[in-house]
Amino acid sequence: MTTQSTTTTSADKMKWSAQDTTWMLSLFGTAVGAGILFLPINAGLNGFWPLVALAVLVGPMTYLAHRGLARFVLSSKKPGSDITEVVEEHFGATAGKLITLLYFFAIYPIVLIYGVGITNTVDSFMVHQLGMESLPRSVLSIILIMGMMSVMLAGEKLMLKVTQFLVYPLVAILLFMSLYLIPDWNTSALQQIPTVGDFMTTIWISIPVLVFSFNHSPAISAFSMAQSRNYGENAERKSNQILFRTSGMLLGFVMLFVFSCVLSLTPADLAEAKAENLPVLSYLANKHESPFISYLGPIVAFVAIVSSFFGHYMGAREGLNGLIVKQLRSRNKTVNMKKIDMFTVAFVIVTSWIVATINPSILGMIESLGGPIIATILFIMPMYAIKKVPSMQKYAGKASNVFVTVMGLVAISAIMYGFVS
């Protein structure tokens, strides 16, 4: 009787809940940042057929890599440990400090980029679509940054609810735009048949674009900790379940949007959009002279930036808090988490406001520098831990480990190639 009761309780815990949906949407929102507006151009520039191969690869890449990182966070002997604490537990204090530093500097610049992006998007919408005059940049940026930060300060539950509220229209608009473009589909992209060498090169240099368009690793630590709190020993199974559905949702909605955009434009159109550095919706609005698309474009950008900001802020906060805590402990000083949290909040608000006000163009380069670090933490570190950490060796000997390692090395090599070429 007791065994049956325990089994029933375990099965009940694995049933899909509203909270699981909320986390799935939050992870989706973290992944779908403003980069989605450039993804069709970057991924589709070399034709339709390499894009098909990339679509086949990106689903397993996304799910298996994020599953590995979630398993890594959940492998701690101390429940409730975030990624910075788990790194120190498994690899020692020195390695812990180094990886935490790299983790912070991979994610923090993206938070700054979103501060700039949200200011530019709202300013452009006010001027071009609403016919208003620009607010002083310093005033507009602090209003927008404080608005986003206030949601984070109100707590995890409100952040998840706001993300859910934002992601539904984002999904609806992506689906609508994908279907709206179908009458404009043409066969020019299908007729572009690359050589075997060009085909392989295109896949190689495009993998990082897809990795970072589907990347929700900054939110994985907070996500894994929440599953540990809510599901205890079932945390890993529940994490796998949510991550699998998140990856499927990303693959379905994002790749449909990418394919629809690529098929509605010619290779020459995509090359022109790339040269003009325009988001795909802006280019489509100009090409079709469609006020409808010109209004939708800024709305998609706004929603994508805000929802992605939340996930990246969680990662940046963990990184900075981890650095401060490790530094204090190494000096045998008292750790006051409330004061550390207050400092982190103030630091992010002030630095994001300064950078958004200055509006520098160097941020794209900072993002590309963070690329190899994110790929290393997401793909390589969990696979290395499977080899070296006793609590993770139960995952050893799987073909999926080889796949994740190879894809991680391919992504890193392509990023480095793109940076030096």
# chains A, B, ... in the order shown; residues from 1 in each chain; ligands from 1
>>> residues_around(residues="segment 222-227 of chain A", least_positions_apart="6", cutoff="10 Å", atoms="only C-alpha atoms", output="VMD selection string")
chain A and resid 20 23 to 24 26 to 27 67 69 to 74 79 to 83 156 233 to 239 242 to 243 311 314 to 315 318
>>> residues_around(residues="Lys339 of chain A", least_positions_apart="6", cutoff="12 Å", atoms="only C-alpha atoms", output="ChimeraX atom specification")
/A:321,324-325,345-346
>>> closest_residue(among="A:Val87, A:Leu270, A:Leu409, A:Ile305", to="Gly117 of chain A", atoms="only C-alpha atoms")
A:Ile305
>>> atom_distance(atom1="atom CA of Leu328 of chain A", atom2="atom CA of Ala93 of chain A")
12.4 Å
>>> select_by_dssp(residues="segment 68-297 of chain A", states="alpha helix (DSSP H)", output="JSON, numbers by chain")
{"A": [68, 69, 70, 71, 72, 73, 74, 83, 84, 85, 86, 87, 88, 89, 90, 91, 93, 94, 95, 96, 97, 98, 99, 100, 101, 102, 103, 104, 105, 106, 107, 108, 109, 110, 111, 112, 113, 114, 115, 116, 117, 118, 119, 120, 121, 122, 123, 124, 137, 138, 139, 140, 141, 142, 143, 144, 145, 146, 147, 148, 149, 150, 151, 152, 153, 156, 157, 158, 159, 160, 161, 162, 163, 164, 165, 166, 167, 168, 169, 170, 171, 172, 173, 174, 175, 176, 177, 178, 179, 180, 196, 197, 198, 199, 200, 201, 202, 203, 204, 205, 206, 207, 208, 209, 210, 211, 212, 213, 220, 221, 222, 223, 224, 225, 226, 227, 228, 229, 230, 231, 235, 236, 237, 238, 239, 240, 241, 242, 243, 244, 245, 246, 247, 248, 249, 250, 251, 252, 253, 254, 255, 256, 257, 258, 259, 260, 261, 262, 263, 264, 267, 268, 269, 270, 271, 272, 273, 274, 275, 276, 280, 281, 282, 283, 284, 285, 286, 287, 288, 291, 292, 293, 294, 295, 296, 297]}
>>> residues_around(residues="Gly68 of chain A", least_positions_apart="5", cutoff="10 Å", atoms="only C-alpha atoms", output="count of residues only")
17
>>> closest_residue(among="A:Arg229, A:His216, A:Lys387, A:Arg137", to="Ala356 of chain A", atoms="only C-alpha atoms")
A:Arg137
>>> residues_around(residues="Met148 of chain A", least_positions_apart="2", cutoff="8 Å", atoms="only C-alpha atoms", output="compact mmCIF listing (two decimals) with N, CA, C and O atoms, in the first residue's frame")
# COMPACT_ATOMS: atom_id res chain seq x y z
N LEU A 144 13.32 53.10 -18.88
CA LEU A 144 13.17 51.74 -19.42
C LEU A 144 13.94 50.72 -18.58
O LEU A 144 13.43 49.64 -18.28
N ILE A 145 15.16 51.07 -18.20
CA ILE A 145 15.99 50.14 -17.40
C ILE A 145 15.37 49.93 -16.02
O ILE A 145 15.29 48.79 -15.53
N MET A 146 14.90 50.99 -15.40
CA MET A 146 14.25 50.86 -14.09
C MET A 146 12.96 50.04 -14.20
O MET A 146 12.63 49.27 -13.29
N SER A 150 12.61 46.71 -12.09
CA SER A 150 11.59 46.66 -11.04
C SER A 150 10.87 45.31 -11.05
O SER A 150 10.48 44.79 -10.00
N VAL A 151 10.71 44.73 -12.24
CA VAL A 151 10.09 43.41 -12.35
C VAL A 151 10.98 42.36 -11.68
O VAL A 151 10.52 41.50 -10.94
N MET A 152 12.30 42.45 -11.93
CA MET A 152 13.25 41.51 -11.33
C MET A 152 13.29 41.65 -9.81
O MET A 152 13.37 40.66 -9.08
N VAL A 306 12.97 42.63 -23.82
CA VAL A 306 12.57 42.62 -22.41
C VAL A 306 12.57 41.20 -21.85
O VAL A 306 13.11 40.95 -20.77
N PHE A 309 16.11 39.99 -21.52
CA PHE A 309 16.82 40.73 -20.49
C PHE A 309 16.69 40.03 -19.13
O PHE A 309 17.66 39.91 -18.39
N PHE A 310 15.47 39.56 -18.82
CA PHE A 310 15.22 38.93 -17.51
C PHE A 310 16.15 37.74 -17.28
O PHE A 310 16.79 37.61 -16.24
>>> closest_atom_pairs(of="segment 91-193 of chain A", to="segment 51-56 of chain A", cutoff="12 Å", atoms="only C-alpha atoms", output="CSV")
residue,atom,partner,partner_atom,distance
A:Ala189,CA,A:Leu51,CA,10.3
A:Leu190,CA,A:Leu51,CA,10.5
A:Gln192,CA,A:Leu51,CA,11.8
A:Ile193,CA,A:Leu51,CA,11.8
>>> write_last_selection(atoms="all heavy atoms", output="short mmCIF file (atom, residue, chain, number, x, y, z; two decimals), in the first residue's frame")
data_model
loop_
_atom_site.label_atom_id
_atom_site.label_comp_id
_atom_site.auth_asym_id
_atom_site.auth_seq_id
_atom_site.Cartn_x
_atom_site.Cartn_y
_atom_site.Cartn_z
N ALA A 189 15.68 30.59 -53.50
CA ALA A 189 16.60 30.05 -52.48
C ALA A 189 16.84 28.55 -52.71
O ALA A 189 17.94 28.04 -52.46
CB ALA A 189 16.04 30.29 -51.09
N LEU A 190 15.80 27.83 -53.19
CA LEU A 190 15.93 26.39 -53.44
C LEU A 190 16.85 26.10 -54.62
O LEU A 190 17.49 25.05 -54.68
CB LEU A 190 14.55 25.76 -53.71
CG LEU A 190 13.69 25.43 -52.49
CD1 LEU A 190 13.15 26.67 -51.82
CD2 LEU A 190 12.53 24.53 -52.89
N GLN A 192 19.51 27.69 -55.37
CA GLN A 192 20.91 28.00 -55.02
C GLN A 192 21.54 26.73 -54.43
O GLN A 192 21.42 26.45 -53.25
CB GLN A 192 20.95 29.16 -54.02
CG GLN A 192 22.34 29.72 -53.78
CD GLN A 192 22.30 30.87 -52.77
OE1 GLN A 192 21.26 31.18 -52.19
NE2 GLN A 192 23.43 31.52 -52.55
N ILE A 193 22.21 25.95 -55.28
CA ILE A 193 22.80 24.68 -54.85
C ILE A 193 24.30 24.89 -54.60
O ILE A 193 25.07 25.11 -55.55
CB ILE A 193 22.61 23.57 -55.92
CG1 ILE A 193 21.15 23.48 -56.37
CG2 ILE A 193 23.12 22.23 -55.39
CD1 ILE A 193 20.20 22.99 -55.33
#
>>> closest_residue(among="A:Val280, A:Arg245, A:Ile220, A:Val58", to="Trp16 of chain A", atoms="only C-alpha atoms")
A:Arg245
>>> closest_residue(among="A:Asn286, A:Thr201, A:Gln191, A:Ser124", to="Gly47 of chain A", atoms="only C-alpha atoms")
A:Gln191
>>> closest_residue(among="A:Gly252, A:Pro183, A:Gly319, A:Gly59", to="Pro218 of chain A", atoms="only C-alpha atoms")
A:Gly319
>>> atom_distance(atom1="atom CA of Lys78 of chain A", atom2="atom CA of Ser221 of chain A")
14.1 Å
>>> closest_residue(among="A:Val355, A:Leu320, A:Ala396, A:Val254", to="Ala172 of chain A", atoms="only C-alpha atoms")
A:Val254
>>> decode(residues="segment 169-286 of chain A", atoms="C-alpha atoms", output="PDB file, in the first residue's frame")
ATOM      1  CA  PRO A 169       2.292  37.782 -28.027  1.00  0.00           C
ATOM      2  CA  LEU A 170       5.874  37.113 -29.197  1.00  0.00           C
ATOM      3  CA  VAL A 171       4.950  33.545 -30.195  1.00  0.00           C
ATOM      4  CA  ALA A 172       1.701  34.757 -31.800  1.00  0.00           C
ATOM      5  CA  ILE A 173       3.482  37.443 -33.836  1.00  0.00           C
ATOM      6  CA  LEU A 174       6.229  35.041 -34.959  1.00  0.00           C
ATOM      7  CA  LEU A 175       3.608  32.526 -36.092  1.00  0.00           C
ATOM      8  CA  PHE A 176       1.484  35.206 -37.751  1.00  0.00           C
ATOM      9  CA  MET A 177       4.468  36.697 -39.611  1.00  0.00           C
ATOM     10  CA  SER A 178       5.569  33.224 -40.754  1.00  0.00           C
ATOM     11  CA  LEU A 179       2.100  32.580 -42.231  1.00  0.00           C
ATOM     12  CA  TYR A 180       1.691  36.155 -43.539  1.00  0.00           C
ATOM     13  CA  LEU A 181       4.805  35.759 -45.721  1.00  0.00           C
ATOM     14  CA  ILE A 182       3.706  32.456 -47.342  1.00  0.00           C
ATOM     15  CA  PRO A 183       2.119  34.142 -50.433  1.00  0.00           C
ATOM     16  CA  ASP A 184       5.535  35.745 -51.127  1.00  0.00           C
ATOM     17  CA  TRP A 185       7.470  32.457 -51.050  1.00  0.00           C
ATOM     18  CA  ASN A 186       9.606  31.852 -54.125  1.00  0.00           C
ATOM     19  CA  THR A 187      11.953  29.101 -55.313  1.00  0.00           C
ATOM     20  CA  SER A 188      15.083  31.246 -55.790  1.00  0.00           C
ATOM     21  CA  ALA A 189      16.602  30.045 -52.484  1.00  0.00           C
ATOM     22  CA  LEU A 190      15.926  26.388 -53.435  1.00  0.00           C
ATOM     23  CA  GLN A 191      17.720  26.845 -56.767  1.00  0.00           C
ATOM     24  CA  GLN A 192      20.908  27.995 -55.023  1.00  0.00           C
ATOM     25  CA  ILE A 193      22.802  24.678 -54.849  1.00  0.00           C
ATOM     26  CA  PRO A 194      26.170  25.033 -53.075  1.00  0.00           C
ATOM     27  CA  THR A 195      29.209  22.821 -53.658  1.00  0.00           C
ATOM     28  CA  VAL A 196      30.022  20.251 -50.962  1.00  0.00           C
ATOM     29  CA  GLY A 197      32.846  22.492 -49.698  1.00  0.00           C
ATOM     30  CA  ASP A 198      30.625  25.587 -49.561  1.00  0.00           C
ATOM     31  CA  PHE A 199      27.839  23.548 -47.934  1.00  0.00           C
ATOM     32  CA  MET A 200      30.111  22.335 -45.114  1.00  0.00           C
ATOM     33  CA  THR A 201      31.712  25.780 -44.646  1.00  0.00           C
ATOM     34  CA  THR A 202      28.276  27.415 -44.447  1.00  0.00           C
ATOM     35  CA  ILE A 203      27.138  24.959 -41.762  1.00  0.00           C
ATOM     36  CA  TRP A 204      30.386  25.463 -39.827  1.00  0.00           C
ATOM     37  CA  ILE A 205      30.214  29.276 -39.732  1.00  0.00           C
ATOM     38  CA  SER A 206      26.421  29.312 -39.173  1.00  0.00           C
ATOM     39  CA  ILE A 207      26.378  27.014 -36.118  1.00  0.00           C
ATOM     40  CA  PRO A 208      27.379  29.820 -33.678  1.00  0.00           C
ATOM     41  CA  VAL A 209      24.533  31.989 -35.030  1.00  0.00           C
ATOM     42  CA  LEU A 210      22.040  29.253 -34.201  1.00  0.00           C
ATOM     43  CA  VAL A 211      23.682  28.339 -30.872  1.00  0.00           C
ATOM     44  CA  PHE A 212      23.307  31.889 -29.572  1.00  0.00           C
ATOM     45  CA  SER A 213      19.867  32.448 -31.082  1.00  0.00           C
ATOM     46  CA  PHE A 214      18.655  29.386 -29.131  1.00  0.00           C
ATOM     47  CA  ASN A 215      20.829  29.961 -26.035  1.00  0.00           C
ATOM     48  CA  HIS A 216      18.999  30.143 -22.693  1.00  0.00           C
ATOM     49  CA  SER A 217      21.971  29.129 -20.514  1.00  0.00           C
ATOM     50  CA  PRO A 218      21.967  32.367 -18.420  1.00  0.00           C
ATOM     51  CA  ALA A 219      18.648  31.260 -16.875  1.00  0.00           C
ATOM     52  CA  ILE A 220      19.546  27.559 -16.440  1.00  0.00           C
ATOM     53  CA  SER A 221      21.098  27.930 -12.977  1.00  0.00           C
ATOM     54  CA  ALA A 222      18.054  29.734 -11.500  1.00  0.00           C
ATOM     55  CA  PHE A 223      15.761  27.306 -13.371  1.00  0.00           C
ATOM     56  CA  SER A 224      17.583  24.232 -12.001  1.00  0.00           C
ATOM     57  CA  MET A 225      17.549  25.607  -8.443  1.00  0.00           C
ATOM     58  CA  ALA A 226      13.785  26.198  -8.723  1.00  0.00           C
ATOM     59  CA  GLN A 227      13.230  22.592  -9.890  1.00  0.00           C
ATOM     60  CA  SER A 228      15.368  21.346  -6.984  1.00  0.00           C
ATOM     61  CA  ARG A 229      13.241  23.367  -4.510  1.00  0.00           C
ATOM     62  CA  ASN A 230       9.940  22.255  -6.031  1.00  0.00           C
ATOM     63  CA  TYR A 231      10.629  18.634  -7.013  1.00  0.00           C
ATOM     64  CA  GLY A 232      13.500  17.402  -4.810  1.00  0.00           C
ATOM     65  CA  GLU A 233      14.788  14.055  -6.073  1.00  0.00           C
ATOM     66  CA  ASN A 234      12.592  14.391  -9.193  1.00  0.00           C
ATOM     67  CA  ALA A 235      14.276  17.690 -10.137  1.00  0.00           C
ATOM     68  CA  GLU A 236      16.395  16.224 -12.926  1.00  0.00           C
ATOM     69  CA  ARG A 237      13.497  14.404 -14.602  1.00  0.00           C
ATOM     70  CA  LYS A 238      11.329  17.514 -14.373  1.00  0.00           C
ATOM     71  CA  SER A 239      14.160  19.705 -15.747  1.00  0.00           C
ATOM     72  CA  ASN A 240      14.604  17.334 -18.708  1.00  0.00           C
ATOM     73  CA  GLN A 241      10.871  17.432 -19.386  1.00  0.00           C
ATOM     74  CA  ILE A 242      10.713  21.248 -19.412  1.00  0.00           C
ATOM     75  CA  LEU A 243      13.949  21.652 -21.393  1.00  0.00           C
ATOM     76  CA  PHE A 244      12.759  19.157 -24.033  1.00  0.00           C
ATOM     77  CA  ARG A 245       9.530  21.088 -24.577  1.00  0.00           C
ATOM     78  CA  THR A 246      11.380  24.420 -24.576  1.00  0.00           C
ATOM     79  CA  SER A 247      13.740  23.153 -27.291  1.00  0.00           C
ATOM     80  CA  GLY A 248      10.788  21.852 -29.333  1.00  0.00           C
ATOM     81  CA  MET A 249       8.999  25.181 -29.001  1.00  0.00           C
ATOM     82  CA  LEU A 250      12.121  27.097 -30.068  1.00  0.00           C
ATOM     83  CA  LEU A 251      12.705  24.781 -33.014  1.00  0.00           C
ATOM     84  CA  GLY A 252       9.088  24.988 -34.184  1.00  0.00           C
ATOM     85  CA  PHE A 253       8.389  28.698 -33.924  1.00  0.00           C
ATOM     86  CA  VAL A 254      11.837  30.178 -34.581  1.00  0.00           C
ATOM     87  CA  MET A 255      12.801  27.942 -37.510  1.00  0.00           C
ATOM     88  CA  LEU A 256       9.363  28.357 -39.140  1.00  0.00           C
ATOM     89  CA  PHE A 257       9.932  32.119 -38.959  1.00  0.00           C
ATOM     90  CA  VAL A 258      13.466  31.767 -40.379  1.00  0.00           C
ATOM     91  CA  PHE A 259      12.369  29.498 -43.263  1.00  0.00           C
ATOM     92  CA  SER A 260       9.407  31.747 -44.089  1.00  0.00           C
ATOM     93  CA  CYS A 261      11.610  34.865 -44.202  1.00  0.00           C
ATOM     94  CA  VAL A 262      14.286  33.133 -46.320  1.00  0.00           C
ATOM     95  CA  LEU A 263      11.735  31.737 -48.793  1.00  0.00           C
ATOM     96  CA  SER A 264      10.008  35.130 -49.164  1.00  0.00           C
ATOM     97  CA  LEU A 265      13.279  36.881 -50.066  1.00  0.00           C
ATOM     98  CA  THR A 266      15.884  36.215 -52.737  1.00  0.00           C
ATOM     99  CA  PRO A 267      19.577  35.576 -51.942  1.00  0.00           C
ATOM    100  CA  ALA A 268      20.259  39.103 -53.309  1.00  0.00           C
ATOM    101  CA  ASP A 269      17.678  40.568 -50.873  1.00  0.00           C
ATOM    102  CA  LEU A 270      19.329  38.777 -47.933  1.00  0.00           C
ATOM    103  CA  ALA A 271      22.766  40.040 -49.015  1.00  0.00           C
ATOM    104  CA  GLU A 272      21.401  43.602 -49.250  1.00  0.00           C
ATOM    105  CA  ALA A 273      19.809  43.365 -45.789  1.00  0.00           C
ATOM    106  CA  LYS A 274      23.122  42.070 -44.403  1.00  0.00           C
ATOM    107  CA  ALA A 275      25.036  44.947 -46.026  1.00  0.00           C
ATOM    108  CA  GLU A 276      22.568  47.511 -44.627  1.00  0.00           C
ATOM    109  CA  ASN A 277      22.698  45.839 -41.154  1.00  0.00           C
ATOM    110  CA  LEU A 278      18.892  45.836 -41.013  1.00  0.00           C
ATOM    111  CA  PRO A 279      16.687  43.490 -38.951  1.00  0.00           C
ATOM    112  CA  VAL A 280      14.682  41.222 -41.252  1.00  0.00           C
ATOM    113  CA  LEU A 281      11.317  42.808 -40.349  1.00  0.00           C
ATOM    114  CA  SER A 282      12.647  46.297 -41.135  1.00  0.00           C
ATOM    115  CA  TYR A 283      13.903  45.071 -44.510  1.00  0.00           C
ATOM    116  CA  LEU A 284      10.569  43.366 -45.252  1.00  0.00           C
ATOM    117  CA  ALA A 285       8.654  46.512 -44.254  1.00  0.00           C
ATOM    118  CA  ASN A 286      10.771  48.598 -46.639  1.00  0.00           C
TER     119      ASN A 286
END
